[in-house]
file entry_22.tsv (TSV, C-alpha atoms and all ligand atoms)
chain	number	residue	atom	x	y	z
A	1	MET	CA	0.00	0.00	0.00
A	2	GLY	CA	3.06	2.22	0.31
A	3	ASN	CA	1.82	4.02	3.41
A	4	PRO	CA	4.36	4.06	6.28
A	5	ARG	CA	1.64	5.00	8.78
A	6	VAL	CA	-0.04	1.64	8.22
A	7	SER	CA	1.28	-1.53	9.77
A	8	VAL	CA	-1.74	-3.86	9.84
A	9	VAL	CA	-0.88	-5.46	6.51
A	10	ILE	CA	1.26	-8.35	7.67
A	11	THR	CA	3.40	-10.42	5.30
A	12	GLY	CA	6.25	-12.96	5.32
A	13	PHE	CA	7.33	-14.88	8.43
A	14	GLU	CA	5.17	-12.75	10.72
A	15	ALA	CA	2.08	-13.53	8.62
A	16	ARG	CA	2.77	-17.25	8.32
A	17	HIS	CA	3.22	-17.57	12.10
A	18	TYR	CA	0.99	-14.71	13.30
A	19	ASP	CA	-1.08	-16.72	15.79
A	20	GLU	CA	1.96	-18.53	17.21
A	21	LEU	CA	3.92	-15.26	17.56
A	22	LEU	CA	1.03	-13.58	19.37
A	23	ASP	CA	0.75	-16.56	21.73
A	24	PHE	CA	4.50	-16.56	22.35
A	25	LEU	CA	4.76	-12.78	22.91
A	26	THR	CA	1.88	-12.87	25.41
A	27	LEU	CA	3.19	-16.00	27.14
A	28	PHE	CA	0.18	-17.90	25.74
A	29	TYR	CA	-2.28	-15.57	27.45
A	30	TYR	CA	-3.79	-14.18	24.24
A	31	GLY	CA	-5.12	-17.58	23.11
A	32	LYS	CA	-7.03	-18.02	26.37
A	33	PHE	CA	-8.27	-14.42	26.28
A	34	ILE	CA	-9.65	-14.58	22.73
A	35	ARG	CA	-11.25	-17.99	23.26
A	36	LYS	CA	-13.07	-16.69	26.35
A	37	LEU	CA	-14.11	-13.52	24.49
A	38	MET	CA	-15.43	-15.42	21.45
A	39	TYR	CA	-17.28	-17.99	23.55
A	40	GLU	CA	-18.58	-15.84	26.38
A	41	GLU	CA	-18.95	-12.27	25.12
A	42	THR	CA	-19.84	-12.39	21.43
A	43	LYS	CA	-23.52	-12.92	20.78
A	44	VAL	CA	-23.29	-15.32	17.87
A	45	SER	CA	-26.02	-17.90	17.37
A	46	TYR	CA	-26.39	-21.20	15.59
A	47	GLY	CA	-27.09	-20.53	11.91
A	48	ASP	CA	-25.61	-17.01	11.91
A	49	LYS	CA	-23.68	-15.72	8.92
A	50	VAL	CA	-20.52	-14.07	10.23
A	51	VAL	CA	-17.89	-12.03	8.40
A	52	GLU	CA	-14.41	-11.22	9.72
A	53	LEU	CA	-12.62	-8.26	8.12
A	54	GLY	CA	-8.88	-8.89	8.17
A	55	VAL	CA	-9.17	-12.57	9.11
A	56	GLY	CA	-5.42	-13.09	9.61
A	57	ASN	CA	-4.51	-16.74	10.24
A	58	GLY	CA	-8.17	-17.57	10.91
A	59	ARG	CA	-8.05	-18.05	14.68
A	60	ASN	CA	-11.30	-16.12	15.34
A	61	ALA	CA	-13.01	-17.73	12.35
A	62	ILE	CA	-12.25	-21.20	13.75
A	63	LEU	CA	-13.57	-20.26	17.20
A	64	LEU	CA	-16.76	-18.81	15.66
A	65	SER	CA	-17.32	-21.71	13.25
A	66	ASP	CA	-18.26	-23.90	16.23
A	67	ARG	CA	-20.88	-21.40	17.29
A	68	VAL	CA	-22.61	-20.95	13.91
A	69	GLY	CA	-22.65	-24.70	13.21
A	70	ASP	CA	-23.54	-26.42	9.95
A	71	ASP	CA	-26.38	-24.02	9.14
A	72	GLY	CA	-24.18	-20.93	9.45
A	73	VAL	CA	-21.07	-19.65	7.75
A	74	VAL	CA	-17.96	-17.65	8.65
A	75	VAL	CA	-16.45	-15.68	5.77
A	76	GLY	CA	-13.00	-14.20	6.36
A	77	PHE	CA	-11.54	-11.51	4.12
A	78	ASP	CA	-7.90	-10.49	4.01
A	79	ILE	CA	-5.50	-8.71	1.69
A	80	SER	CA	-2.20	-10.38	2.61
A	81	PRO	CA	-1.36	-13.43	0.43
A	82	ASP	CA	0.71	-14.97	3.26
A	83	MET	CA	-2.09	-14.53	5.78
A	84	LEU	CA	-4.63	-15.94	3.31
A	85	LYS	CA	-2.47	-18.98	2.56
A	86	ARG	CA	-2.08	-19.82	6.26
A	87	ALA	CA	-5.75	-19.14	7.01
A	88	LYS	CA	-6.78	-21.47	4.17
A	89	GLU	CA	-4.48	-24.21	5.49
A	90	LYS	CA	-5.76	-23.84	9.04
A	91	THR	CA	-9.46	-23.73	8.16
A	92	ARG	CA	-9.45	-26.40	5.41
A	93	LYS	CA	-11.23	-28.98	7.56
A	94	TYR	CA	-14.02	-26.58	8.60
A	95	GLY	CA	-16.81	-26.87	6.05
A	96	ASN	CA	-18.51	-23.67	7.19
A	97	ILE	CA	-15.49	-21.31	6.83
A	98	LYS	CA	-14.66	-19.49	3.59
A	99	ILE	CA	-11.45	-17.47	3.26
A	100	LEU	CA	-11.46	-14.87	0.48
A	101	ARG	CA	-9.13	-12.18	-0.82
A	102	HIS	CA	-10.56	-8.69	-0.60
A	103	ASP	CA	-9.37	-5.23	0.39
A	104	ILE	CA	-11.92	-4.27	3.04
A	105	ARG	CA	-11.58	-0.58	2.09
A	106	LYS	CA	-13.18	-1.46	-1.23
A	107	GLU	CA	-16.85	-2.19	-1.86
A	108	PHE	CA	-17.93	-5.79	-1.46
A	109	THR	CA	-19.59	-7.66	-4.25
A	110	PRO	CA	-23.37	-7.01	-4.14
A	111	LYS	CA	-23.98	-10.74	-3.61
A	112	PHE	CA	-22.96	-10.09	0.02
A	113	TYR	CA	-25.31	-7.12	0.50
A	114	ASN	CA	-27.67	-7.63	3.47
A	115	TYR	CA	-26.22	-11.12	3.87
A	116	PHE	CA	-24.43	-11.18	7.24
A	117	ASP	CA	-25.84	-11.21	10.80
A	118	VAL	CA	-22.52	-10.37	12.41
A	119	ALA	CA	-19.32	-8.59	11.35
A	120	LEU	CA	-16.06	-8.64	13.29
A	121	ILE	CA	-12.85	-6.66	12.97
A	122	SER	CA	-10.17	-7.70	15.42
A	123	LEU	CA	-6.81	-5.97	16.04
A	124	ALA	CA	-6.98	-4.21	12.68
A	125	PHE	CA	-9.33	-1.19	12.71
A	126	HIS	CA	-6.81	1.18	14.34
A	127	GLY	CA	-4.45	0.73	11.38
A	128	PHE	CA	-6.56	2.54	8.79
A	129	GLU	CA	-6.61	6.22	7.89
A	130	PRO	CA	-9.77	8.04	9.09
A	131	GLU	CA	-11.28	8.09	5.58
A	132	ASP	CA	-10.65	4.34	5.24
A	133	LYS	CA	-12.32	3.73	8.61
A	134	GLU	CA	-15.38	5.49	7.21
A	135	ARG	CA	-15.24	3.35	4.06
A	136	ILE	CA	-15.09	0.25	6.26
A	137	PHE	CA	-18.15	1.38	8.24
A	138	GLU	CA	-19.97	1.99	4.96
A	139	ASN	CA	-18.93	-1.38	3.53
A	140	VAL	CA	-19.99	-3.18	6.70
A	141	ARG	CA	-23.32	-1.32	6.62
A	142	ASN	CA	-23.89	-2.67	3.09
A	143	ILE	CA	-23.16	-6.31	3.88
A	144	LEU	CA	-24.93	-6.49	7.26
A	145	LYS	CA	-28.64	-7.11	7.62
A	146	ASN	CA	-30.74	-4.49	9.37
A	147	GLY	CA	-30.30	-5.16	13.10
A	148	GLY	CA	-26.98	-6.90	12.43
A	149	ARG	CA	-24.09	-6.48	14.84
A	150	PHE	CA	-20.56	-5.18	14.30
A	151	PHE	CA	-17.89	-6.20	16.83
A	152	ILE	CA	-14.68	-4.23	17.15
A	153	LEU	CA	-11.77	-5.57	19.20
A	154	ASP	CA	-9.00	-2.98	19.36
A	155	TYR	CA	-7.18	-0.43	21.47
A	156	ASN	CA	-9.42	1.64	23.69
A	157	GLN	CA	-9.70	5.41	23.58
A	158	ILE	CA	-7.48	6.37	26.52
A	159	GLU	CA	-5.02	9.10	27.44
A	160	LEU	CA	-1.58	7.71	26.64
A	161	ALA	CA	0.05	9.81	29.38
A	162	LYS	CA	-2.08	8.00	31.98
A	163	ALA	CA	-1.73	4.52	30.45
A	164	PRO	CA	0.41	1.77	31.99
A	165	ARG	CA	4.11	1.92	31.06
A	166	TRP	CA	4.06	-1.31	29.01
A	167	PHE	CA	1.24	0.12	26.89
A	168	LYS	CA	3.13	3.39	26.26
A	169	ILE	CA	6.13	1.36	25.09
A	170	LEU	CA	3.94	-0.78	22.83
A	171	ILE	CA	2.28	2.24	21.20
A	172	GLU	CA	5.31	4.50	20.96
A	173	ARG	CA	7.98	1.98	19.96
A	174	PHE	CA	6.25	-0.88	18.21
A	175	GLU	CA	2.98	0.38	16.73
A	176	CYS	CA	2.25	2.47	13.63
A	177	SER	CA	1.37	6.13	14.21
A	178	LEU	CA	-2.26	5.39	13.35
A	179	ALA	CA	-2.48	3.30	16.53
A	180	GLU	CA	-1.61	6.35	18.63
A	181	ASP	CA	-4.12	8.45	16.65
A	182	PHE	CA	-6.77	5.80	17.37
A	183	LEU	CA	-6.48	6.48	21.11
A	184	ASN	CA	-8.11	9.86	20.39
A	185	TYR	CA	-10.50	8.64	17.67
A	186	ASP	CA	-14.18	9.41	18.13
A	187	LEU	CA	-15.35	5.87	17.43
A	188	LEU	CA	-18.93	6.39	18.60
A	189	SER	CA	-19.56	9.43	16.38
A	190	ALA	CA	-17.99	7.74	13.34
A	191	ALA	CA	-20.08	4.62	13.91
A	192	LYS	CA	-23.25	6.66	14.42
A	193	LYS	CA	-22.77	8.40	11.07
A	194	PHE	CA	-23.32	5.00	9.41
A	195	GLY	CA	-26.23	3.90	11.60
A	196	PHE	CA	-24.28	1.91	14.21
A	197	GLU	CA	-25.30	2.32	17.87
A	198	LEU	CA	-23.05	1.09	20.66
A	199	THR	CA	-24.92	-1.72	22.43
A	200	LYS	CA	-22.14	-3.23	24.55
A	201	LYS	CA	-18.62	-2.33	25.55
A	202	LYS	CA	-16.08	-4.16	27.70
A	203	THR	CA	-12.51	-3.15	28.37
A	204	TYR	CA	-9.50	-5.27	29.23
A	205	PHE	CA	-5.84	-5.01	30.24
A	206	LYS	CA	-6.22	-1.94	32.45
A	207	ASN	CA	-8.65	-0.26	30.07
A	208	THR	CA	-6.23	-0.34	27.13
A	209	VAL	CA	-8.24	-2.73	24.94
A	210	GLN	CA	-11.91	-2.51	24.04
A	211	TYR	CA	-14.42	-5.00	22.79
A	212	SER	CA	-17.32	-2.94	21.45
A	213	GLU	CA	-20.52	-4.24	19.92
A	214	PHE	CA	-22.55	-1.98	17.63
A	215	THR	CA	-26.04	-2.67	16.32
A	216	LEU	CA	-26.99	-1.46	12.85
A	217	LYS	CA	-30.21	0.42	12.10
A	218	LYS	CA	-30.72	0.92	8.37
A	301	LIG	C1	-3.16	-7.66	13.20
A	301	LIG	S1	-3.85	-8.76	12.03
A	301	LIG	C2	-5.25	-9.41	12.89
A	301	LIG	C3	-5.74	-10.73	12.36
A	301	LIG	C4	-7.01	-11.30	12.97
A	301	LIG	N1	-8.11	-10.40	12.82
A	301	LIG	C5	-6.81	-11.63	14.43
A	301	LIG	O1	-7.38	-10.94	15.28
A	301	LIG	O2	-6.12	-12.62	14.71
A	301	LIG	C6	-4.60	-7.63	10.87
A	301	LIG	C7	-5.06	-8.30	9.59
A	301	LIG	O3	-5.73	-7.34	8.77
A	301	LIG	C8	-5.34	-7.57	7.42
A	301	LIG	N2	-5.56	-6.36	6.63
A	301	LIG	C9	-4.91	-5.17	6.72
A	301	LIG	N3	-5.37	-4.30	5.81
A	301	LIG	C10	-6.34	-4.94	5.13
A	301	LIG	C11	-7.21	-4.55	4.06
A	301	LIG	N4	-7.13	-3.35	3.53
A	301	LIG	N5	-8.10	-5.47	3.60
A	301	LIG	C12	-8.15	-6.72	4.13
A	301	LIG	N6	-7.37	-7.13	5.15
A	301	LIG	C13	-6.47	-6.25	5.64
A	301	LIG	C14	-3.87	-7.97	7.53
A	301	LIG	O4	-3.39	-8.62	6.39
A	301	LIG	C15	-3.91	-8.86	8.77
A	301	LIG	O5	-4.16	-10.19	8.44

call {"tool": "encode", "arguments": {"input": "entry_22.tsv", "output": "structure tokens"}}
result
Amino acid sequence: MGNPRVSVVITGFEARHYDELLDFLTLFYYGKFIRKLMYEETKVSYGDKVVELGVGNGRNAILLSDRVGDDGVVVGFDISPDMLKRAKEKTRKYGNIKILRHDIRKEFTPKFYNYFDVALISLAFHGFEPEDKERIFENVRNILKNGGRFFILDYNQIELAKAPRWFKILIERFECSLAEDFLNYDLLSAAKKFGFELTKKKTYFKNTVQYSEFTLKK
């Protein structure tokens, strides 16, 4: 994409071993955290059609495939060929998961319009320019049914100066500048512009991470 502010497009070794690296760097805590979140917090029902934007290696898709069962489907979109390759390998045995290449800033094919009950973007939304965030809201609005839900797992809007030291180091030394901008992003107003109302919010890791659920009114 040629934009140095953006670091959510992951390629090469990091992409092929994304899930394992995240587990290793968090001393295997992340795996337990995301499993608990997907099983206990997300309101996904049997038969639901779920879309993940920026599916990565497919970890969330696999967790959600259990929940939607044989009558549902989980469609994961990504732009990175390395991520897509690994996600396809990991999800091959799950008949209800489809992994597809698509840039989520671009319009989806109309065959997906009003198709999904649930959309999820996990650890990726912060890495888009403000105008791309708006495009993503608009694209999600198109593919979700009226009353559908949009889940965002990402950094929380907090004052960096008051954040724990480890979080400051993460944001200032290891993250793209868009991640720092996201801490001041008016997520609720942006979501509202596209018809999304916040219906649930939980925060984790000393308020640094949010899991927000929005409901769409068309
Ligand atoms: C940090 S990873 C998170 C992966 C996964 N959602 C998870 O939580 O494990 C971000 C993902 O977003 C994908 N991504 C970034 N920009 C994208 C775009 N414009 N369209 C589709 N996927 C994109 C990256 O390739 C990467 O797989």

call {"tool": "residues_near_ligand", "arguments": {"input": "entry_22.tsv", "ligand": "ligand LIG 301 (chain A)", "cutoff": "7 Å", "atoms": "only C-alpha atoms and all ligand atoms", "output": "PyMOL selection string"}}
result
chain A and resi 8-10+19+53-60+77-80+83+102-105+121-124

call {"tool": "atom_distance", "arguments": {"input": "entry_22.tsv", "atom1": "CA of Lys49 (chain A)", "atom2": "CA of Arg86 (chain A)"}}
result
22.1 Å

call {"tool": "residues_around", "arguments": {"input": "entry_22.tsv", "residues": "Lys218 (chain A)", "least_positions_apart": "5", "cutoff": "10 Å", "atoms": "all atoms listed in the file", "output": "PyMOL selection string"}}
result
chain A and resi 141-142+144-148+194-196

call {"tool": "residues_around", "arguments": {"input": "entry_22.tsv", "residues": "region 111-116 of chain A", "least_positions_apart": "4", "cutoff": "12 Å", "atoms": "only C-alpha atoms", "output": "PyMOL selection string"}}
result
chain A and resi 44+47-52+68+72-76+107+120+138-150+216+218

call {"tool": "atom_distance", "arguments": {"input": "entry_22.tsv", "atom1": "CA of Ser177 (chain A)", "atom2": "CA of Glu129 (chain A)"}}
result
10.2 Å

call {"tool": "closest_residue", "arguments": {"input": "entry_22.tsv", "among": "A:Ile169, A:Ala119, A:Tyr185, A:His17", "to": "Lys90 (chain A)", "atoms": "all atoms listed in the file"}}
result
A:His17

call {"tool": "residues_around", "arguments": {"input": "entry_22.tsv", "residues": "Glu213 (chain A)", "least_positions_apart": "6", "cutoff": "8 Å", "atoms": "all atoms listed in the file", "output": "PyMOL selection string"}}
result
chain A and resi 149-152+198-201

call {"tool": "build_atoms", "arguments": {"input": "entry_22.tsv", "residues": "region 120-154 of chain A", "atoms": "N, CA and C atoms", "output": "PDB file, keeping the file's coordinate frame"}}
result
ATOM      1  N   LEU A 120     -17.091  -8.774  12.267  1.00  0.00           N
ATOM      2  CA  LEU A 120     -16.060  -8.640  13.290  1.00  0.00           C
ATOM      3  C   LEU A 120     -14.802  -8.065  12.667  1.00  0.00           C
ATOM      4  N   ILE A 121     -14.200  -7.104  13.361  1.00  0.00           N
ATOM      5  CA  ILE A 121     -12.850  -6.660  12.970  1.00  0.00           C
ATOM      6  C   ILE A 121     -12.005  -6.680  14.240  1.00  0.00           C
ATOM      7  N   SER A 122     -10.935  -7.454  14.199  1.00  0.00           N
ATOM      8  CA  SER A 122     -10.170  -7.700  15.420  1.00  0.00           C
ATOM      9  C   SER A 122      -8.702  -7.323  15.204  1.00  0.00           C
ATOM     10  N   LEU A 123      -8.222  -6.407  16.040  1.00  0.00           N
ATOM     11  CA  LEU A 123      -6.810  -5.970  16.040  1.00  0.00           C
ATOM     12  C   LEU A 123      -6.390  -5.326  14.723  1.00  0.00           C
ATOM     13  N   ALA A 124      -7.325  -4.756  13.990  1.00  0.00           N
ATOM     14  CA  ALA A 124      -6.980  -4.210  12.680  1.00  0.00           C
ATOM     15  C   ALA A 124      -7.521  -2.792  12.454  1.00  0.00           C
ATOM     16  N   PHE A 125      -8.643  -2.446  13.063  1.00  0.00           N
ATOM     17  CA  PHE A 125      -9.330  -1.190  12.710  1.00  0.00           C
ATOM     18  C   PHE A 125      -8.459   0.041  12.946  1.00  0.00           C
ATOM     19  N   HIS A 126      -7.646   0.013  14.011  1.00  0.00           N
ATOM     20  CA  HIS A 126      -6.810   1.180  14.340  1.00  0.00           C
ATOM     21  C   HIS A 126      -5.846   1.526  13.197  1.00  0.00           C
ATOM     22  N   GLY A 127      -5.509   0.541  12.364  1.00  0.00           N
ATOM     23  CA  GLY A 127      -4.450   0.730  11.380  1.00  0.00           C
ATOM     24  C   GLY A 127      -4.910   1.321  10.057  1.00  0.00           C
ATOM     25  N   PHE A 128      -6.076   1.922  10.028  1.00  0.00           N
ATOM     26  CA  PHE A 128      -6.560   2.540   8.790  1.00  0.00           C
ATOM     27  C   PHE A 128      -6.682   4.050   8.965  1.00  0.00           C
ATOM     28  N   GLU A 129      -6.433   4.765   7.880  1.00  0.00           N
ATOM     29  CA  GLU A 129      -6.610   6.220   7.890  1.00  0.00           C
ATOM     30  C   GLU A 129      -8.087   6.532   8.165  1.00  0.00           C
ATOM     31  N   PRO A 130      -8.376   7.716   8.739  1.00  0.00           N
ATOM     32  CA  PRO A 130      -9.770   8.040   9.090  1.00  0.00           C
ATOM     33  C   PRO A 130     -10.749   7.844   7.928  1.00  0.00           C
ATOM     34  N   GLU A 131     -10.336   8.238   6.704  1.00  0.00           N
ATOM     35  CA  GLU A 131     -11.280   8.090   5.580  1.00  0.00           C
ATOM     36  C   GLU A 131     -11.496   6.611   5.238  1.00  0.00           C
ATOM     37  N   ASP A 132     -10.483   5.780   5.479  1.00  0.00           N
ATOM     38  CA  ASP A 132     -10.650   4.340   5.240  1.00  0.00           C
ATOM     39  C   ASP A 132     -11.539   3.714   6.324  1.00  0.00           C
ATOM     40  N   LYS A 133     -11.425   4.233   7.540  1.00  0.00           N
ATOM     41  CA  LYS A 133     -12.320   3.730   8.610  1.00  0.00           C
ATOM     42  C   LYS A 133     -13.766   3.987   8.206  1.00  0.00           C
ATOM     43  N   GLU A 134     -14.006   5.168   7.635  1.00  0.00           N
ATOM     44  CA  GLU A 134     -15.380   5.490   7.210  1.00  0.00           C
ATOM     45  C   GLU A 134     -15.816   4.559   6.088  1.00  0.00           C
ATOM     46  N   ARG A 135     -14.894   4.277   5.161  1.00  0.00           N
ATOM     47  CA  ARG A 135     -15.240   3.350   4.060  1.00  0.00           C
ATOM     48  C   ARG A 135     -15.586   1.980   4.642  1.00  0.00           C
ATOM     49  N   ILE A 136     -14.832   1.575   5.661  1.00  0.00           N
ATOM     50  CA  ILE A 136     -15.090   0.250   6.260  1.00  0.00           C
ATOM     51  C   ILE A 136     -16.474   0.244   6.917  1.00  0.00           C
ATOM     52  N   PHE A 137     -16.800   1.309   7.647  1.00  0.00           N
ATOM     53  CA  PHE A 137     -18.150   1.380   8.240  1.00  0.00           C
ATOM     54  C   PHE A 137     -19.218   1.278   7.136  1.00  0.00           C
ATOM     55  N   GLU A 138     -18.983   1.995   6.047  1.00  0.00           N
ATOM     56  CA  GLU A 138     -19.970   1.990   4.960  1.00  0.00           C
ATOM     57  C   GLU A 138     -20.069   0.596   4.332  1.00  0.00           C
ATOM     58  N   ASN A 139     -18.927  -0.037   4.120  1.00  0.00           N
ATOM     59  CA  ASN A 139     -18.930  -1.380   3.530  1.00  0.00           C
ATOM     60  C   ASN A 139     -19.621  -2.389   4.438  1.00  0.00           C
ATOM     61  N   VAL A 140     -19.353  -2.256   5.745  1.00  0.00           N
ATOM     62  CA  VAL A 140     -19.990  -3.180   6.700  1.00  0.00           C
ATOM     63  C   VAL A 140     -21.504  -2.922   6.723  1.00  0.00           C
ATOM     64  N   ARG A 141     -21.881  -1.658   6.651  1.00  0.00           N
ATOM     65  CA  ARG A 141     -23.320  -1.320   6.620  1.00  0.00           C
ATOM     66  C   ARG A 141     -23.996  -2.015   5.420  1.00  0.00           C
ATOM     67  N   ASN A 142     -23.302  -2.048   4.285  1.00  0.00           N
ATOM     68  CA  ASN A 142     -23.890  -2.670   3.090  1.00  0.00           C
ATOM     69  C   ASN A 142     -24.067  -4.180   3.242  1.00  0.00           C
ATOM     70  N   ILE A 143     -23.097  -4.839   3.870  1.00  0.00           N
ATOM     71  CA  ILE A 143     -23.160  -6.310   3.880  1.00  0.00           C
ATOM     72  C   ILE A 143     -23.914  -6.872   5.079  1.00  0.00           C
ATOM     73  N   LEU A 144     -24.165  -6.017   6.103  1.00  0.00           N
ATOM     74  CA  LEU A 144     -24.930  -6.490   7.260  1.00  0.00           C
ATOM     75  C   LEU A 144     -26.422  -6.342   7.018  1.00  0.00           C
ATOM     76  N   LYS A 145     -27.182  -7.248   7.642  1.00  0.00           N
ATOM     77  CA  LYS A 145     -28.640  -7.110   7.620  1.00  0.00           C
ATOM     78  C   LYS A 145     -29.036  -5.987   8.583  1.00  0.00           C
ATOM     79  N   ASN A 146     -30.216  -5.456   8.396  1.00  0.00           N
ATOM     80  CA  ASN A 146     -30.740  -4.490   9.370  1.00  0.00           C
ATOM     81  C   ASN A 146     -30.808  -5.180  10.734  1.00  0.00           C
ATOM     82  N   GLY A 147     -30.316  -4.529  11.773  1.00  0.00           N
ATOM     83  CA  GLY A 147     -30.300  -5.160  13.100  1.00  0.00           C
ATOM     84  C   GLY A 147     -29.067  -6.024  13.319  1.00  0.00           C
ATOM     85  N   GLY A 148     -28.212  -6.116  12.306  1.00  0.00           N
ATOM     86  CA  GLY A 148     -26.980  -6.900  12.430  1.00  0.00           C
ATOM     87  C   GLY A 148     -26.010  -6.239  13.399  1.00  0.00           C
ATOM     88  N   ARG A 149     -25.027  -7.008  13.843  1.00  0.00           N
ATOM     89  CA  ARG A 149     -24.090  -6.480  14.840  1.00  0.00           C
ATOM     90  C   ARG A 149     -22.662  -6.440  14.319  1.00  0.00           C
ATOM     91  N   PHE A 150     -21.947  -5.396  14.724  1.00  0.00           N
ATOM     92  CA  PHE A 150     -20.560  -5.180  14.300  1.00  0.00           C
ATOM     93  C   PHE A 150     -19.693  -5.152  15.557  1.00  0.00           C
ATOM     94  N   PHE A 151     -18.763  -6.093  15.650  1.00  0.00           N
ATOM     95  CA  PHE A 151     -17.890  -6.200  16.830  1.00  0.00           C
ATOM     96  C   PHE A 151     -16.507  -5.646  16.491  1.00  0.00           C
ATOM     97  N   ILE A 152     -16.030  -4.777  17.344  1.00  0.00           N
ATOM     98  CA  ILE A 152     -14.680  -4.230  17.150  1.00  0.00           C
ATOM     99  C   ILE A 152     -13.825  -4.560  18.375  1.00  0.00           C
ATOM    100  N   LEU A 153     -12.744  -5.301  18.139  1.00  0.00           N
ATOM    101  CA  LEU A 153     -11.770  -5.570  19.200  1.00  0.00           C
ATOM    102  C   LEU A 153     -10.517  -4.787  18.847  1.00  0.00           C
ATOM    103  N   ASP A 154     -10.137  -3.838  19.713  1.00  0.00           N
ATOM    104  CA  ASP A 154      -9.000  -2.980  19.360  1.00  0.00           C
ATOM    105  C   ASP A 154      -8.541  -2.199  20.597  1.00  0.00           C
TER     106      ASP A 154
END
